[in-house]
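Reviewing the structure listed below.
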Amino acid sequence: MKLGWLDGRTFAASLDGRTWRDATGLLSKVTQPSIWDGPTDWTIGHLPEIRDRIGDSFHSLPELDVGANACWLAPVVRPGKVIGIPVNYQDHIDEVAVNLETFTTRYTGEIRKQGYFLKATSSVVGAGEGVVVRFPDRETHHELELAAIIGRKGTNIGVDEALSYIAGYCIGLDMVVRGPEDRSMRKSLDTYSVLGPYLTTVDELPDVSDLHMTLSVNGEQRQSSYPRDMIVNIAEQIAWISECCTLWPGDVIMTGTSKGVSRVVPGDVMTCAIDGVGSMTVNVR
């Protein structure tokens, strides 16, 4: 199932990615949140119940006209955490090593020595909202990533059970302004975490290792990769993160980027696609 938010706070659902229906009215029938529910996204936290209700009544829901110009908001409205996994593709490590003037020498060592990092949740936007370059005198780069959305609470999660904690996947753009500051600062700018276009539930994607991921800027392909090339795979990432902090429904893991990261400027158009997950067009302004 594919689930997402359209501009106007419309909750859209699709069984095939082509026919979309308005499931907004069903949400009022779902168990309502409590202030004690923790730092969780309500929709993701109640996803099993929401999916069941949609499945029972999908063909009776109002149909939506979702065209190419639809304004998609982020599929996770209130993520408790946005977690970034650095240097997780060898080809990206290699391109960094030969361009230290751009990437700086601040970070060295393999992934587990560098550690994961956090991005401000206020940086999250949807594909339709686009990216706003905050410091035009510095380079802003795109980083295409597979974003894993956590579906249930867990801590000290074992690798063998880690994938069962995922609610679904979406495309992630981990935007970054280059410079000497800490990653969390340079990646937390408003609009620098693009999620979209919608959430594809994990039952549609039991094995993401061979999903082809591409990003083009103004029609020129910049990035092309497969999750199978990650140094630390997604199950290992979840286990590693949960050694230190509890994961909650709606937490987002940006699982790493491959080579080809490069500058974008206002007026550029980024086109991103991940097989089975979706595709989205993101404007830079």
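Residue names in the structure tokens use chain letters A, B, ... in the order shown, residue numbers from 1 in each chain, and ligand numbers from 1 in the order shown.
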
Exercise. Can you list, as a ChimeraX atom specification, every residue of range 154-204 of chain A that DSSP puts in helix (DSSP H, G or I)?
Worked result: /A:159-165,183-186,202-204

Residues of range 163-280 of chain A that have any atom at most 6 Å from an atom of range 127-135 of chain A: could you tabulate them with the shortest-distance atom pair and the distance in Å to one decimal, using only C-alpha atoms, ordered by chain and increasing number, as a Markdown table?
| residue | atom | partner | partner_atom | distance |
| --- | --- | --- | --- | --- |
| A:Thr191 | CA | A:Val131 | CA | 5.2 |
| A:Gly196 | CA | A:Ala127 | CA | 5.6 |
| A:Pro197 | CA | A:Ala127 | CA | 5.7 |

Those selected residues, please, written with all heavy atoms and delivered as a PDB file, in the first residue's frame.
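File again12.pdb, as written:
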ATOM      1  N   THR A 191      14.027  22.729   4.975  1.00  0.00           N
ATOM      2  CA  THR A 191      13.811  22.078   3.672  1.00  0.00           C
ATOM      3  C   THR A 191      14.949  21.145   3.274  1.00  0.00           C
ATOM      4  O   THR A 191      14.932  20.624   2.164  1.00  0.00           O
ATOM      5  CB  THR A 191      13.562  23.073   2.523  1.00  0.00           C
ATOM      6  OG1 THR A 191      14.794  23.713   2.111  1.00  0.00           O
ATOM      7  CG2 THR A 191      12.541  24.133   2.892  1.00  0.00           C
ATOM      8  N   GLY A 196       9.644  11.651   0.346  1.00  0.00           N
ATOM      9  CA  GLY A 196       8.502  11.528  -0.533  1.00  0.00           C
ATOM     10  C   GLY A 196       8.636  10.437  -1.569  1.00  0.00           C
ATOM     11  O   GLY A 196       9.572   9.628  -1.535  1.00  0.00           O
ATOM     12  N   PRO A 197       7.746  10.452  -2.554  1.00  0.00           N
ATOM     13  CA  PRO A 197       6.585  11.335  -2.513  1.00  0.00           C
ATOM     14  C   PRO A 197       5.525  10.870  -1.521  1.00  0.00           C
ATOM     15  O   PRO A 197       4.688  11.637  -1.081  1.00  0.00           O
ATOM     16  CB  PRO A 197       6.054  11.281  -3.952  1.00  0.00           C
ATOM     17  CG  PRO A 197       6.478   9.930  -4.432  1.00  0.00           C
ATOM     18  CD  PRO A 197       7.805   9.650  -3.778  1.00  0.00           C
TER      19      PRO A 197
END

For this session: Name the closest residue to Gly250 in chain A among the candidates A:Ala120, A:Ile149, A:Ala12, A:Ala70; distances are taken between atoms, counting only C-alpha atoms.
Result: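 Ranked by minimum distance to Gly250 in chain A, first place goes to A:Ile149.
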
For this session: Determine, counting only C-alpha atoms, which protein, DNA and RNA residues have an atom within 10 Å of an atom of Gly55 in chain A; residues of the same chain fewer than 4 positions away are not included. Present the result as a VMD selection string.
Result: chain A and resid 1 13 to 15 49 to 51 59

If you keep N, CA and C atoms, can you produce a file of those selected residues as a PDB file, in the first residue's frame?
ATOM      1  N   MET A   1       0.844  -1.191   0.000  1.00  0.00           N
ATOM      2  CA  MET A   1       0.000   0.000   0.000  1.00  0.00           C
ATOM      3  C   MET A   1       0.880   1.241   0.000  1.00  0.00           C
ATOM      4  N   ALA A  13      -4.431   7.308  -0.300  1.00  0.00           N
ATOM      5  CA  ALA A  13      -4.066   5.899  -0.243  1.00  0.00           C
ATOM      6  C   ALA A  13      -4.202   5.283  -1.630  1.00  0.00           C
ATOM      7  N   SER A  14      -3.297   4.365  -1.931  1.00  0.00           N
ATOM      8  CA  SER A  14      -3.333   3.666  -3.205  1.00  0.00           C
ATOM      9  C   SER A  14      -2.881   2.227  -3.011  1.00  0.00           C
ATOM     10  N   LEU A  15      -3.503   1.333  -3.759  1.00  0.00           N
ATOM     11  CA  LEU A  15      -3.090  -0.064  -3.726  1.00  0.00           C
ATOM     12  C   LEU A  15      -2.083  -0.391  -4.811  1.00  0.00           C
ATOM     13  N   GLU A  49      -3.754  -0.374  12.058  1.00  0.00           N
ATOM     14  CA  GLU A  49      -5.197  -0.141  12.107  1.00  0.00           C
ATOM     15  C   GLU A  49      -5.658   0.666  10.899  1.00  0.00           C
ATOM     16  N   ILE A  50      -4.873   1.678  10.522  1.00  0.00           N
ATOM     17  CA  ILE A  50      -5.233   2.511   9.367  1.00  0.00           C
ATOM     18  C   ILE A  50      -5.252   1.673   8.095  1.00  0.00           C
ATOM     19  N   ARG A  51      -4.257   0.832   7.917  1.00  0.00           N
ATOM     20  CA  ARG A  51      -4.205  -0.018   6.723  1.00  0.00           C
ATOM     21  C   ARG A  51      -5.394  -0.962   6.669  1.00  0.00           C
ATOM     22  N   HIS A  59     -12.436   0.691  -2.048  1.00  0.00           N
ATOM     23  CA  HIS A  59     -13.162   0.964  -3.283  1.00  0.00           C
ATOM     24  C   HIS A  59     -14.384   1.855  -3.072  1.00  0.00           C
TER      25      HIS A  59
END

With a cut-off of 12 Å, could you pull out the residues of range 172-211 of chain A touching range 28-48 of chain A and give me the nearest pair of atoms for each, distance in Å to one decimal, using only C-alpha atoms, ordered by chain and ascending number, as a tab-separated table?
residue	atom	partner	partner_atom	distance
A:Leu199	CA	A:Ile44	CA	9.8
A:Thr200	CA	A:Leu47	CA	11.8
A:Thr201	CA	A:Leu47	CA	9.4
A:Val202	CA	A:Leu47	CA	11.4
A:Asp203	CA	A:Pro48	CA	11.6

Generate a file of the selected residues that holds N, CA and C atoms, formatted as a PDB file, in the first residue's frame.
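Final output, out_29.pdb:
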ATOM      1  N   LEU A 199       4.726   7.164   1.381  1.00  0.00           N
ATOM      2  CA  LEU A 199       5.260   5.987   2.053  1.00  0.00           C
ATOM      3  C   LEU A 199       4.800   4.727   1.320  1.00  0.00           C
ATOM      4  N   THR A 200       5.733   3.852   1.007  1.00  0.00           N
ATOM      5  CA  THR A 200       5.397   2.533   0.471  1.00  0.00           C
ATOM      6  C   THR A 200       5.590   1.533   1.596  1.00  0.00           C
ATOM      7  N   THR A 201       4.523   0.836   1.973  1.00  0.00           N
ATOM      8  CA  THR A 201       4.577  -0.038   3.138  1.00  0.00           C
ATOM      9  C   THR A 201       5.504  -1.225   2.888  1.00  0.00           C
ATOM     10  N   VAL A 202       6.062  -1.722   3.976  1.00  0.00           N
ATOM     11  CA  VAL A 202       7.152  -2.694   3.893  1.00  0.00           C
ATOM     12  C   VAL A 202       6.721  -4.017   3.268  1.00  0.00           C
ATOM     13  N   ASP A 203       5.431  -4.348   3.327  1.00  0.00           N
ATOM     14  CA  ASP A 203       4.983  -5.605   2.731  1.00  0.00           C
ATOM     15  C   ASP A 203       5.174  -5.621   1.220  1.00  0.00           C
TER      16      ASP A 203
END

For this session: Return the single residue from A:Ile253, A:Leu173, A:Leu146, A:Leu6 that is closest to Arg228 in chain A, with distances computed using only C-alpha atoms.
Result: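 For Arg228 in chain A, the nearest of the candidates is A:Leu146.
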
Seminar exercise, completed: Between A:Gln237, A:Ser122, A:Thr140, A:Ser216, smallest distance to Gly158 in chain A by only C-alpha atoms belongs to A:Gln237

Problem set entry | Computed interatomic separation between CA of Pro79 in chain A and CA of Ser188 in chain A (Å) |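 These two atoms are separated by 13.7 Å.
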
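Residues with any atom within 8 Å of Met254 in chain A, counting only C-alpha atoms and excluding same-chain neighbours fewer than 3 positions away, are Val82, Ile83, Gly84, Ile85, Glu145, Leu146, Ala147, Ala148, Gly172 and Asp174 of chain A.
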
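Closest approach to Thr246 in chain A among A:Val265, A:Leu205, A:Val217, A:Ile150: A:Ile150, based on only C-alpha atoms.
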
Problem set entry | 9 Å contact set for Gly154 in chain A, only C-alpha atoms, chain neighbours under 2 positions out, as a list in words |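 Near Gly154 in chain A, the qualifying residues are Arg152, Asn156, Ile157, Tyr165, Ser242, Cys245, Thr246, Leu247 and Trp248 of chain A.
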
Exercise. Quick one: of A:Val77, A:Ile274, A:Leu189, A:Cys71, who's nearest to Tyr169 in chain A, counting only C-alpha atoms?
Worked result: A:Ile274

Exercise. Which is closer to Pro136 in chain A than all the others in A:Tyr192, A:Arg285, A:Met230, A:Lys259, using only C-alpha atoms?
Worked result: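 Of A:Tyr192, A:Arg285, A:Met230, A:Lys259, the one nearest Pro136 in chain A, counting only C-alpha atoms, is A:Arg285.
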
For this session: Write out as a PyMOL selection string all residues of range 15-210 of chain A that DSSP puts in strand (DSSP E) for this structure's backbone.
Result: chain A and resi 20-22+63-64+82-84+117-119+124-126+140-141+144-150+166-174+176-177+193-201

Saved selection, atoms kept: N, CA and C atoms, as a tab-separated table (two decimals), in the first residue's frame:
chain	number	residue	atom	x	y	z
A	20	TRP	N	-5.73	6.59	-6.73
A	20	TRP	CA	-5.61	7.13	-5.39
A	20	TRP	C	-6.99	7.47	-4.84
A	21	ARG	N	-7.17	7.27	-3.54
A	21	ARG	CA	-8.44	7.57	-2.89
A	21	ARG	C	-8.21	8.37	-1.61
A	22	ASP	N	-9.21	9.14	-1.26
A	22	ASP	CA	-9.14	10.03	-0.10
A	22	ASP	C	-9.53	9.25	1.15
A	63	GLU	N	-12.47	8.97	-4.97
A	63	GLU	CA	-11.27	8.91	-5.80
A	63	GLU	C	-10.63	10.29	-5.89
A	64	LEU	N	-9.30	10.31	-5.92
A	64	LEU	CA	-8.54	11.54	-6.02
A	64	LEU	C	-7.89	11.65	-7.40
A	82	VAL	N	15.24	12.38	12.94
A	82	VAL	CA	15.74	12.09	11.60
A	82	VAL	C	17.21	11.75	11.77
A	83	ILE	N	17.55	10.51	11.45
A	83	ILE	CA	18.88	9.97	11.75
A	83	ILE	C	19.62	9.77	10.44
A	84	GLY	N	20.83	10.30	10.37
A	84	GLY	CA	21.64	10.19	9.16
A	84	GLY	C	22.77	9.20	9.34
A	117	PHE	N	24.34	10.60	12.90
A	117	PHE	CA	24.09	11.97	13.33
A	117	PHE	C	22.59	12.25	13.27
A	118	LEU	N	22.17	13.33	13.87
A	118	LEU	CA	20.76	13.72	13.89
A	118	LEU	C	20.55	14.99	13.08
A	119	LYS	N	19.41	15.06	12.41
A	119	LYS	CA	19.00	16.25	11.68
A	119	LYS	C	17.78	16.83	12.38
A	124	VAL	N	12.33	18.81	7.68
A	124	VAL	CA	11.57	17.87	6.86
A	124	VAL	C	10.50	18.58	6.04
A	125	VAL	N	10.48	18.29	4.74
A	125	VAL	CA	9.45	18.78	3.83
A	125	VAL	C	9.10	17.66	2.86
A	126	GLY	N	8.04	17.90	2.09
A	126	GLY	CA	7.66	16.96	1.06
A	126	GLY	C	8.19	17.38	-0.29
A	140	THR	N	25.45	23.96	-1.80
A	140	THR	CA	24.45	23.01	-1.30
A	140	THR	C	24.45	21.81	-2.22
A	141	HIS	N	24.60	20.61	-1.64
A	141	HIS	CA	24.66	19.37	-2.42
A	141	HIS	C	23.44	18.51	-2.15
A	144	LEU	N	21.02	11.56	-2.54
A	144	LEU	CA	19.88	10.66	-2.68
A	144	LEU	C	20.03	9.47	-1.74
A	145	GLU	N	18.97	9.15	-1.00
A	145	GLU	CA	19.04	8.05	-0.05
A	145	GLU	C	17.70	7.31	0.01
A	146	LEU	N	17.76	6.05	0.39
A	146	LEU	CA	16.56	5.30	0.73
A	146	LEU	C	16.26	5.60	2.19
A	147	ALA	N	15.07	6.12	2.45
A	147	ALA	CA	14.68	6.47	3.81
A	147	ALA	C	13.80	5.36	4.39
A	148	ALA	N	14.22	4.83	5.53
A	148	ALA	CA	13.47	3.78	6.23
A	148	ALA	C	12.68	4.43	7.36
A	149	ILE	N	11.38	4.15	7.41
A	149	ILE	CA	10.50	4.74	8.41
A	149	ILE	C	10.18	3.70	9.48
A	150	ILE	N	10.52	4.00	10.71
A	150	ILE	CA	10.29	3.07	11.82
A	150	ILE	C	8.79	3.00	12.14
A	166	ILE	N	10.38	-1.82	10.68
A	166	ILE	CA	10.18	-0.83	9.62
A	166	ILE	C	8.73	-0.83	9.17
A	167	ALA	N	8.13	0.36	9.11
A	167	ALA	CA	6.77	0.51	8.60
A	167	ALA	C	6.76	0.58	7.08
A	168	GLY	N	7.77	1.22	6.52
A	168	GLY	CA	7.84	1.37	5.07
A	168	GLY	C	9.02	2.22	4.67
A	169	TYR	N	9.06	2.54	3.39
A	169	TYR	CA	10.18	3.28	2.82
A	169	TYR	C	9.67	4.44	1.97
A	170	CYS	N	10.52	5.44	1.82
A	170	CYS	CA	10.26	6.51	0.87
A	170	CYS	C	11.61	7.00	0.35
A	171	ILE	N	11.56	7.88	-0.62
A	171	ILE	CA	12.79	8.51	-1.11
A	171	ILE	C	13.20	9.58	-0.11
A	172	GLY	N	14.50	9.66	0.13
A	172	GLY	CA	15.02	10.71	0.99
A	172	GLY	C	16.07	11.53	0.27
A	173	LEU	N	15.95	12.83	0.38
A	173	LEU	CA	17.00	13.73	-0.09
A	173	LEU	C	17.63	14.36	1.13
A	174	ASP	N	18.85	13.95	1.42
A	174	ASP	CA	19.60	14.46	2.57
A	174	ASP	C	20.45	15.62	2.07
A	176	VAL	N	22.62	19.09	2.00
A	176	VAL	CA	23.68	19.54	2.91
A	176	VAL	C	24.36	20.76	2.34
A	177	VAL	N	24.69	21.71	3.22
A	177	VAL	CA	25.53	22.83	2.81
A	177	VAL	C	26.96	22.48	3.23
A	193	SER	N	15.66	18.18	4.41
A	193	SER	CA	15.32	16.75	4.51
A	193	SER	C	14.03	16.54	3.73
A	194	VAL	N	14.16	16.17	2.47
A	194	VAL	CA	12.99	15.97	1.61
A	194	VAL	C	12.60	14.50	1.66
A	195	LEU	N	11.36	14.22	2.03
A	195	LEU	CA	10.84	12.85	2.08
A	195	LEU	C	9.67	12.73	1.12
A	196	GLY	N	9.64	11.65	0.35
A	196	GLY	CA	8.50	11.53	-0.53
A	196	GLY	C	8.64	10.44	-1.57
A	197	PRO	N	7.75	10.45	-2.55
A	197	PRO	CA	6.58	11.34	-2.51
A	197	PRO	C	5.53	10.87	-1.52
A	198	TYR	N	5.60	9.57	-1.17
A	198	TYR	CA	4.67	8.97	-0.22
A	198	TYR	C	5.37	7.78	0.41
A	199	LEU	N	4.73	7.16	1.38
A	199	LEU	CA	5.26	5.99	2.05
A	199	LEU	C	4.80	4.73	1.32
A	200	THR	N	5.73	3.85	1.01
A	200	THR	CA	5.40	2.53	0.47
A	200	THR	C	5.59	1.53	1.60
A	201	THR	N	4.52	0.84	1.97
A	201	THR	CA	4.58	-0.04	3.14
A	201	THR	C	5.50	-1.22	2.89

For this session: Can you work out the spacing between CA of Ile231 in chain A and CA of Arg78 in chain A in Å, to one decimal?
Result: 28.9 Å
